[in-house]
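Okay, work.cif is below, mmCIF, C-alpha atoms and all ligand atoms:
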```
data_target
#
loop_
_atom_site.label_atom_id
_atom_site.label_comp_id
_atom_site.auth_asym_id
_atom_site.auth_seq_id
_atom_site.Cartn_x
_atom_site.Cartn_y
_atom_site.Cartn_z
CA MET A 1 -123.14 96.60 -58.11
CA GLU A 2 -120.74 99.20 -59.52
CA GLN A 3 -119.60 102.29 -57.66
CA HIS A 4 -119.23 105.59 -59.57
CA THR A 5 -118.58 109.21 -58.73
CA VAL A 6 -119.71 112.44 -60.40
CA ASN A 7 -119.18 116.09 -59.57
CA CYS A 8 -122.08 118.17 -58.25
CA ASN A 9 -121.29 121.82 -57.53
CA GLY A 10 -117.63 120.88 -57.30
CA LEU A 11 -118.30 118.16 -54.73
CA PRO A 12 -117.89 114.44 -55.37
CA VAL A 13 -121.13 112.47 -55.21
CA SER A 14 -120.71 108.68 -55.23
CA PHE A 15 -123.46 106.34 -56.28
CA ALA A 16 -124.03 102.62 -56.59
CA LEU A 17 -125.28 101.51 -59.99
CA ILE A 18 -127.56 98.51 -60.22
CA ARG A 19 -128.35 97.14 -63.66
CA LYS A 20 -131.89 95.83 -63.89
CA LYS A 21 -134.93 95.82 -66.12
CA VAL A 22 -136.36 99.26 -65.46
CA LYS A 23 -137.89 101.54 -68.02
CA ASN A 24 -135.99 104.73 -67.16
CA ILE A 25 -133.16 105.58 -64.84
CA ASN A 26 -134.23 105.51 -61.18
CA LEU A 27 -132.40 107.31 -58.43
CA ARG A 28 -132.87 107.34 -54.70
CA VAL A 29 -131.04 108.66 -51.67
CA LYS A 30 -131.16 106.21 -48.78
CA PRO A 31 -131.44 107.40 -45.15
CA ASP A 32 -127.75 106.55 -44.62
CA SER A 33 -126.97 109.19 -47.33
CA THR A 34 -125.89 106.66 -49.96
CA VAL A 35 -127.15 107.18 -53.50
CA VAL A 36 -128.47 104.22 -55.49
CA VAL A 37 -129.21 104.36 -59.21
CA SER A 38 -130.94 101.62 -61.18
CA ALA A 39 -130.76 101.59 -64.95
CA ASN A 40 -131.37 99.22 -67.82
CA ARG A 41 -128.32 97.62 -69.45
CA THR A 42 -129.04 99.53 -72.66
CA VAL A 43 -128.33 102.86 -70.94
CA SER A 44 -124.66 103.88 -71.26
CA ILE A 45 -122.61 104.86 -68.21
CA GLU A 46 -122.21 108.37 -69.71
CA GLN A 47 -126.00 108.74 -69.81
CA VAL A 48 -126.29 107.54 -66.23
CA LYS A 49 -123.58 109.96 -65.06
CA GLY A 50 -125.22 112.83 -66.95
CA PHE A 51 -128.51 112.00 -65.27
CA VAL A 52 -126.95 111.94 -61.79
CA GLU A 53 -125.17 115.26 -62.45
CA ARG A 54 -128.44 116.92 -63.49
CA LYS A 55 -130.04 115.58 -60.31
CA GLY A 56 -127.13 117.03 -58.29
CA PRO A 57 -128.99 119.77 -56.40
CA TRP A 58 -131.81 117.37 -55.51
CA ILE A 59 -129.32 114.73 -54.29
CA LEU A 60 -127.42 117.24 -52.16
CA LYS A 61 -130.64 118.48 -50.65
CA ASN A 62 -131.71 114.97 -49.68
CA ILE A 63 -128.32 113.95 -48.33
CA SER A 64 -128.35 117.06 -46.11
CA ARG A 65 -131.92 116.46 -45.03
CA PHE A 66 -131.19 112.94 -43.80
CA ALA A 67 -127.92 114.02 -42.29
CA LEU A 68 -129.42 116.93 -40.37
CA GLU A 69 -132.32 114.87 -39.07
CA LYS A 70 -129.85 112.52 -37.43
CA GLU A 71 -127.15 114.94 -36.46
CA ASP A 72 -126.49 115.69 -32.84
CA ARG A 73 -125.26 119.23 -33.25
CA SER A 74 -123.11 119.21 -30.15
CA ALA A 75 -121.51 115.88 -31.06
CA LEU A 76 -118.48 117.15 -32.95
CA GLN A 77 -115.57 116.15 -30.74
CA PHE A 78 -112.78 116.54 -33.31
CA ARG A 79 -111.92 112.86 -33.08
CA GLU A 80 -110.58 110.71 -35.88
CA GLY A 81 -113.53 109.55 -37.99
CA ASP A 82 -115.97 112.29 -36.89
CA ILE A 83 -118.37 113.29 -39.62
CA ILE A 84 -118.33 116.94 -40.67
CA TYR A 85 -120.88 118.37 -43.12
CA TYR A 86 -119.38 120.70 -45.66
CA LEU A 87 -121.57 122.23 -48.39
CA GLY A 88 -124.15 119.54 -47.70
CA ILE A 89 -121.83 116.56 -48.04
CA PRO A 90 -120.66 114.42 -45.11
CA HIS A 91 -116.86 114.39 -44.84
CA LYS A 92 -114.79 112.16 -42.62
CA LEU A 93 -112.32 113.86 -40.30
CA THR A 94 -108.80 112.47 -40.18
CA ILE A 95 -106.14 113.75 -37.81
CA SER A 96 -102.45 113.60 -38.67
CA ALA A 97 -99.58 114.51 -36.40
CA VAL A 98 -97.09 116.70 -38.26
CA GLU A 99 -93.72 118.23 -37.56
CA GLY A 100 -94.27 121.17 -39.88
CA LYS A 101 -97.20 123.37 -40.83
CA GLU A 102 -100.51 122.91 -39.06
CA GLY A 103 -103.75 123.33 -40.92
CA VAL A 104 -106.73 121.75 -42.62
CA SER A 105 -107.20 120.42 -46.13
CA ARG A 106 -110.14 118.86 -47.91
CA GLU A 107 -109.72 116.07 -50.48
CA GLY A 108 -112.71 114.20 -51.85
CA ARG A 109 -114.88 113.39 -48.87
CA THR A 110 -112.12 113.69 -46.30
CA ILE A 111 -111.19 116.68 -44.16
CA ARG A 112 -107.63 116.30 -42.91
CA LEU A 113 -106.47 118.16 -39.84
CA SER A 114 -102.69 118.36 -39.50
CA ILE A 115 -101.53 119.20 -36.01
CA ARG A 116 -98.29 119.09 -34.03
CA ASP A 117 -99.70 118.41 -30.55
CA ASN A 118 -102.07 115.61 -31.48
CA SER A 119 -103.44 115.21 -27.96
CA ASN A 120 -104.70 118.78 -27.70
CA PHE A 121 -108.42 118.70 -28.54
CA ALA A 122 -108.95 122.40 -27.90
CA LEU A 123 -106.22 123.14 -30.43
CA ARG A 124 -107.85 120.79 -32.95
CA GLU A 125 -111.05 122.78 -32.64
CA TRP A 126 -109.21 126.10 -32.90
CA ILE A 127 -107.34 125.08 -36.07
CA PHE A 128 -110.52 123.70 -37.61
CA ASN A 129 -112.52 126.84 -36.83
CA ARG A 130 -109.80 129.05 -38.27
CA TRP A 131 -109.97 127.04 -41.51
CA LEU A 132 -113.77 127.17 -41.51
CA LYS A 133 -113.70 130.95 -41.20
CA GLN A 134 -111.34 131.18 -44.20
CA GLN A 135 -113.63 128.90 -46.23
CA ALA A 136 -116.64 130.98 -45.19
CA GLU A 137 -114.92 134.16 -46.37
CA ALA A 138 -114.20 132.67 -49.79
CA VAL A 139 -117.52 130.87 -50.30
CA PHE A 140 -119.69 133.76 -49.07
CA ASN A 141 -117.77 136.37 -51.04
CA ASP A 142 -118.18 134.26 -54.14
CA ALA A 143 -121.92 133.87 -53.55
CA VAL A 144 -122.37 137.62 -53.01
CA GLU A 145 -120.53 138.46 -56.25
CA ARG A 146 -122.36 135.79 -58.26
CA ILE A 147 -125.78 136.88 -57.03
CA LEU A 148 -125.03 140.59 -57.42
CA ALA A 149 -124.11 139.89 -61.05
CA GLY A 150 -127.62 138.48 -61.57
CA LEU A 151 -129.17 141.56 -59.94
CA ASP A 152 -127.12 144.04 -61.99
CA ARG A 153 -130.16 146.04 -63.13
CA TYR A 154 -130.69 147.14 -59.47
CA TRP A 155 -127.25 148.72 -59.15
CA ILE A 156 -126.69 147.31 -55.68
CA GLU A 157 -123.27 148.27 -54.41
CA LYS A 158 -121.33 145.31 -53.00
CA PRO A 159 -121.90 145.42 -49.24
CA LEU A 160 -119.41 144.71 -46.51
CA ILE A 161 -119.64 141.04 -45.51
CA THR A 162 -119.31 140.13 -41.85
CA ILE A 163 -119.04 136.47 -40.85
CA ARG A 164 -120.10 135.22 -37.44
CA THR A 165 -121.15 131.99 -35.79
CA MET A 166 -124.69 132.65 -34.63
CA LYS A 167 -127.15 130.51 -32.67
CA SER A 168 -130.42 132.11 -33.69
CA ARG A 169 -130.17 133.45 -37.23
CA TRP A 170 -128.69 132.67 -40.64
CA GLY A 171 -127.96 136.20 -41.60
CA SER A 172 -128.94 139.82 -41.32
CA CYS A 173 -128.78 143.01 -43.33
CA SER A 174 -128.09 146.53 -42.23
CA PHE A 175 -128.93 148.62 -45.27
CA THR A 176 -127.97 151.87 -43.58
CA LYS A 177 -124.46 150.53 -42.89
CA ARG A 178 -124.40 148.70 -46.26
CA LYS A 179 -123.44 145.54 -44.43
CA ILE A 180 -124.64 141.96 -44.42
CA THR A 181 -123.83 139.38 -41.76
CA LEU A 182 -123.74 135.67 -42.56
CA ASN A 183 -123.62 132.67 -40.22
CA THR A 184 -120.55 130.40 -40.54
CA GLU A 185 -122.87 127.43 -39.90
CA LEU A 186 -124.27 127.91 -43.42
CA LEU A 187 -121.18 126.10 -44.71
CA LYS A 188 -122.76 122.83 -43.57
CA PHE A 189 -125.49 123.25 -46.17
CA PRO A 190 -125.58 122.85 -49.95
CA LEU A 191 -124.61 125.92 -51.96
CA PRO A 192 -128.20 126.82 -52.96
CA CYS A 193 -128.99 127.32 -49.23
CA ILE A 194 -126.12 129.81 -49.01
CA ASP A 195 -127.27 131.48 -52.22
CA TYR A 196 -130.77 131.78 -50.78
CA VAL A 197 -129.59 133.55 -47.61
CA VAL A 198 -127.31 135.84 -49.62
CA LEU A 199 -130.12 136.67 -52.05
CA HIS A 200 -132.43 137.31 -49.09
CA GLU A 201 -130.00 139.77 -47.51
CA LEU A 202 -129.19 141.51 -50.80
CA ALA A 203 -132.91 141.79 -51.57
CA HIS A 204 -133.23 144.00 -48.50
CA PHE A 205 -131.27 146.69 -50.34
CA VAL A 206 -134.23 146.84 -52.74
CA HIS A 207 -137.14 145.94 -50.44
CA HIS A 208 -136.44 146.69 -46.78
CA LYS A 209 -139.37 144.82 -45.24
CA HIS A 210 -140.57 141.23 -45.53
CA ASP A 211 -143.57 142.26 -47.61
CA ARG A 212 -145.16 140.80 -50.71
CA ALA A 213 -142.84 142.73 -53.03
CA PHE A 214 -139.86 141.29 -51.16
CA TYR A 215 -141.02 137.68 -51.58
CA ASN A 216 -141.92 138.29 -55.23
CA PHE A 217 -138.39 139.53 -55.71
CA LEU A 218 -137.00 136.33 -54.15
CA SER A 219 -139.20 134.10 -56.37
CA GLN A 220 -138.17 136.03 -59.43
CA PHE A 221 -134.46 135.39 -58.87
CA MET A 222 -134.71 132.00 -57.15
CA PRO A 223 -137.99 130.28 -58.04
CA ASP A 224 -137.28 127.30 -55.74
CA TYR A 225 -136.10 129.37 -52.75
CA LYS A 226 -138.73 127.83 -50.42
CA GLU A 227 -137.12 124.39 -50.74
CA TRP A 228 -133.77 125.71 -49.54
CA GLN A 229 -135.41 127.80 -46.85
CA GLN A 230 -137.14 124.62 -45.67
CA LEU A 231 -133.86 122.74 -45.52
CA LEU A 232 -132.30 125.47 -43.37
CA LYS A 233 -135.21 125.18 -40.95
CA THR A 234 -134.24 121.56 -40.22
CA ALA A 235 -131.28 122.96 -38.27
CA GLY A 236 -133.69 124.71 -35.91
CA ILE A 237 -132.84 128.23 -37.07
CA GLU A 238 -135.48 130.17 -39.00
CA LYS A 239 -134.57 133.83 -38.74
CA ILE A 240 -132.89 135.43 -41.70
ZN ZN B 1 -134.93 139.45 -44.04
#
```
Can the structure in the file be given as structure tokens, please?
Ligand SMILES: [Zn+2]
Amino acid sequence: MEQHTVNCNGLPVSFALIRKKVKNINLRVKPDSTVVVSANRTVSIEQVKGFVERKGPWILKNISRFALEKEDRSALQFREGDIIYYLGIPHKLTISAVEGKEGVSREGRTIRLSIRDNSNFALREWIFNRWLKQQAEAVFNDAVERILAGLDRYWIEKPLITIRTMKSRWGSCSFTKRKITLNTELLKFPLPCIDYVVLHELAHFVHHKHDRAFYNFLSQFMPDYKEWQQLLKTAGIEKI
């Protein structure tokens, strides 16, 4: 069995390749979040990789689904080896004691927390949350600009983006204040989930209520939005 990695939405997705007599390329995500691909020997590795890349959004969705079904949401203790979901992909947390600058970095499927006082768990959490907030600012701002570009015919002015960690909703829109609020927790999910919430909030600048015109608008700009909405529901939060 060979191990390979491709890039999906800028995130590394590893898969095991099994060569066997199958007609096409088969791909499955196992409940432990590993990806297994079977392909005939006649299929080149480039073709297999291309296939896995095209399946990227589907893979990310399934990895997150399995992950979230199992996840104990209060379990994150900021210990070495803890699993942290970032944009739908499980990352392993490593802690390093440093003399110099404290902070967080992400390489491949590892999130590294560099800290001076290694025994201080509250500080670990504080440093991690500060990093998460910075990531949220960048990722959410990007999503808002990208989606606004697709809605250019509606002349929606870029709203103010507020980021908060919320227990009961993914986001909200105040069209009178020209402001949208997004939940930091969204960063655990694949990018299309974030895009869906951003599109939902921006759509309120065109259709204020959750009426038929509003949902038609969502389908027009994101035909598969219900899939991503469904995935967000697995975390026990429905309100948007
Ligand atoms: Zn809404």
If you count all atoms listed in the file, which residues fall within 7 Å of region 98-102 of chain A, apart from same-chain ones fewer than 6 positions away, as a PyMOL selection string? chain A and resi 114-116
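CA of Cys193 (chain A) is positioned 10.5 Å from CA of Asp224 (chain A).
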To one decimal place, how far is CA of Glu227 (chain A) from CA of Asn183 (chain A) in Å? 19.0 Å
Given 7 Å and all atoms listed in the file, residues near ligand ZN 1 (chain B) as a PyMOL selection string: chain A and resi 172+200-201+204+210+240
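Using only C-alpha atoms for every distance, the candidate list A:Trp126, A:Tyr86, A:His207, A:Ser174 yields A:Tyr86 as the residue closest to Ile194 (chain A).
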With distances taken over only C-alpha atoms, the candidate from A:Ala235, A:Val6, A:Ala213, A:Val36 nearest Gly108 (chain A) is A:Val6
Tell me which residues come within 10 Å of (-129.7, 130.8, -33.8), as a count of residues only, counting all atoms listed in the file in the file's coordinates. 15
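Using all atoms listed in the file, the smallest distance between any of A:Phe66, A:Phe140, A:Phe128, A:Phe15 and Glu53 (chain A) comes from A:Phe15.
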Find the residue from A:Ala149, A:Lys55, A:Pro223, A:Phe121 that sits nearest to Asn9 (chain A); use all atoms listed in the file when measuring. A:Lys55
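The interatomic distance for the pair CA of Asn24 (chain A) and CA of Ile89 (chain A) works out to 26.6 Å.
Distances here use only C-alpha atoms; by that measure, the residue among A:Lys49, A:Lys226, A:Lys61, A:Arg212 closest to Val29 (chain A) is A:Lys61.
Checking A:Gln230, A:Ser119, A:Gln134, A:Ser14 one by one against Thr34 (chain A), counting only C-alpha atoms, you find the shortest gap at A:Ser14.
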Skipping near chain neighbours, those fewer than 3 positions away, what residues fall within 12 Å of Gly56 (chain A) using all atoms listed in the file, listed as a PDB file with C-alpha atoms, keeping the file's coordinate frame?
```pdb
ATOM      1  CA  THR A   5    -118.580 109.210 -58.730  1.00  0.00           C
ATOM      2  CA  VAL A   6    -119.710 112.440 -60.400  1.00  0.00           C
ATOM      3  CA  ASN A   7    -119.180 116.090 -59.570  1.00  0.00           C
ATOM      4  CA  CYS A   8    -122.080 118.170 -58.250  1.00  0.00           C
ATOM      5  CA  ASN A   9    -121.290 121.820 -57.530  1.00  0.00           C
ATOM      6  CA  GLY A  10    -117.630 120.880 -57.300  1.00  0.00           C
ATOM      7  CA  LEU A  11    -118.300 118.160 -54.730  1.00  0.00           C
ATOM      8  CA  PRO A  12    -117.890 114.440 -55.370  1.00  0.00           C
ATOM      9  CA  VAL A  13    -121.130 112.470 -55.210  1.00  0.00           C
ATOM     10  CA  SER A  14    -120.710 108.680 -55.230  1.00  0.00           C
ATOM     11  CA  PHE A  15    -123.460 106.340 -56.280  1.00  0.00           C
ATOM     12  CA  LEU A  27    -132.400 107.310 -58.430  1.00  0.00           C
ATOM     13  CA  ARG A  28    -132.870 107.340 -54.700  1.00  0.00           C
ATOM     14  CA  VAL A  29    -131.040 108.660 -51.670  1.00  0.00           C
ATOM     15  CA  VAL A  35    -127.150 107.180 -53.500  1.00  0.00           C
ATOM     16  CA  LYS A  49    -123.580 109.960 -65.060  1.00  0.00           C
ATOM     17  CA  GLY A  50    -125.220 112.830 -66.950  1.00  0.00           C
ATOM     18  CA  PHE A  51    -128.510 112.000 -65.270  1.00  0.00           C
ATOM     19  CA  VAL A  52    -126.950 111.940 -61.790  1.00  0.00           C
ATOM     20  CA  GLU A  53    -125.170 115.260 -62.450  1.00  0.00           C
ATOM     21  CA  ILE A  59    -129.320 114.730 -54.290  1.00  0.00           C
ATOM     22  CA  LEU A  60    -127.420 117.240 -52.160  1.00  0.00           C
ATOM     23  CA  LYS A  61    -130.640 118.480 -50.650  1.00  0.00           C
ATOM     24  CA  ASN A  62    -131.710 114.970 -49.680  1.00  0.00           C
ATOM     25  CA  ILE A  63    -128.320 113.950 -48.330  1.00  0.00           C
ATOM     26  CA  GLY A  88    -124.150 119.540 -47.700  1.00  0.00           C
ATOM     27  CA  ILE A  89    -121.830 116.560 -48.040  1.00  0.00           C
ATOM     28  CA  PRO A 190    -125.580 122.850 -49.950  1.00  0.00           C
ATOM     29  CA  LEU A 191    -124.610 125.920 -51.960  1.00  0.00           C
ATOM     30  CA  PRO A 192    -128.200 126.820 -52.960  1.00  0.00           C
TER      31      PRO A 192
END
```
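Neighbourhood of point (-119.1, 124.0, -45.4): residues with an atom at most 7 Å away, counting only C-alpha atoms, are Tyr85, Tyr86, Leu87, Leu186, Leu187, Lys188 and Phe189 of chain A.
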Given 4 Å of margin on each side, can you work out the centre and size in Å (one decimal) of an axis-aligned box holding every listed atom of region 121-129 of chain A, as JSON?
```
{"center_x": -109.4, "center_y": 122.8, "center_z": -32.8, "size_x": 14.3, "size_y": 16.1, "size_z": 17.7}
```
Which residues are near Pro90 (chain A)? Cut-off 9 Å, only C-alpha atoms, ignore same chain within fewer than 5 positions. Put them as a PyMOL selection string. chain A and resi 33+63-64+67+83-85+109-110+188
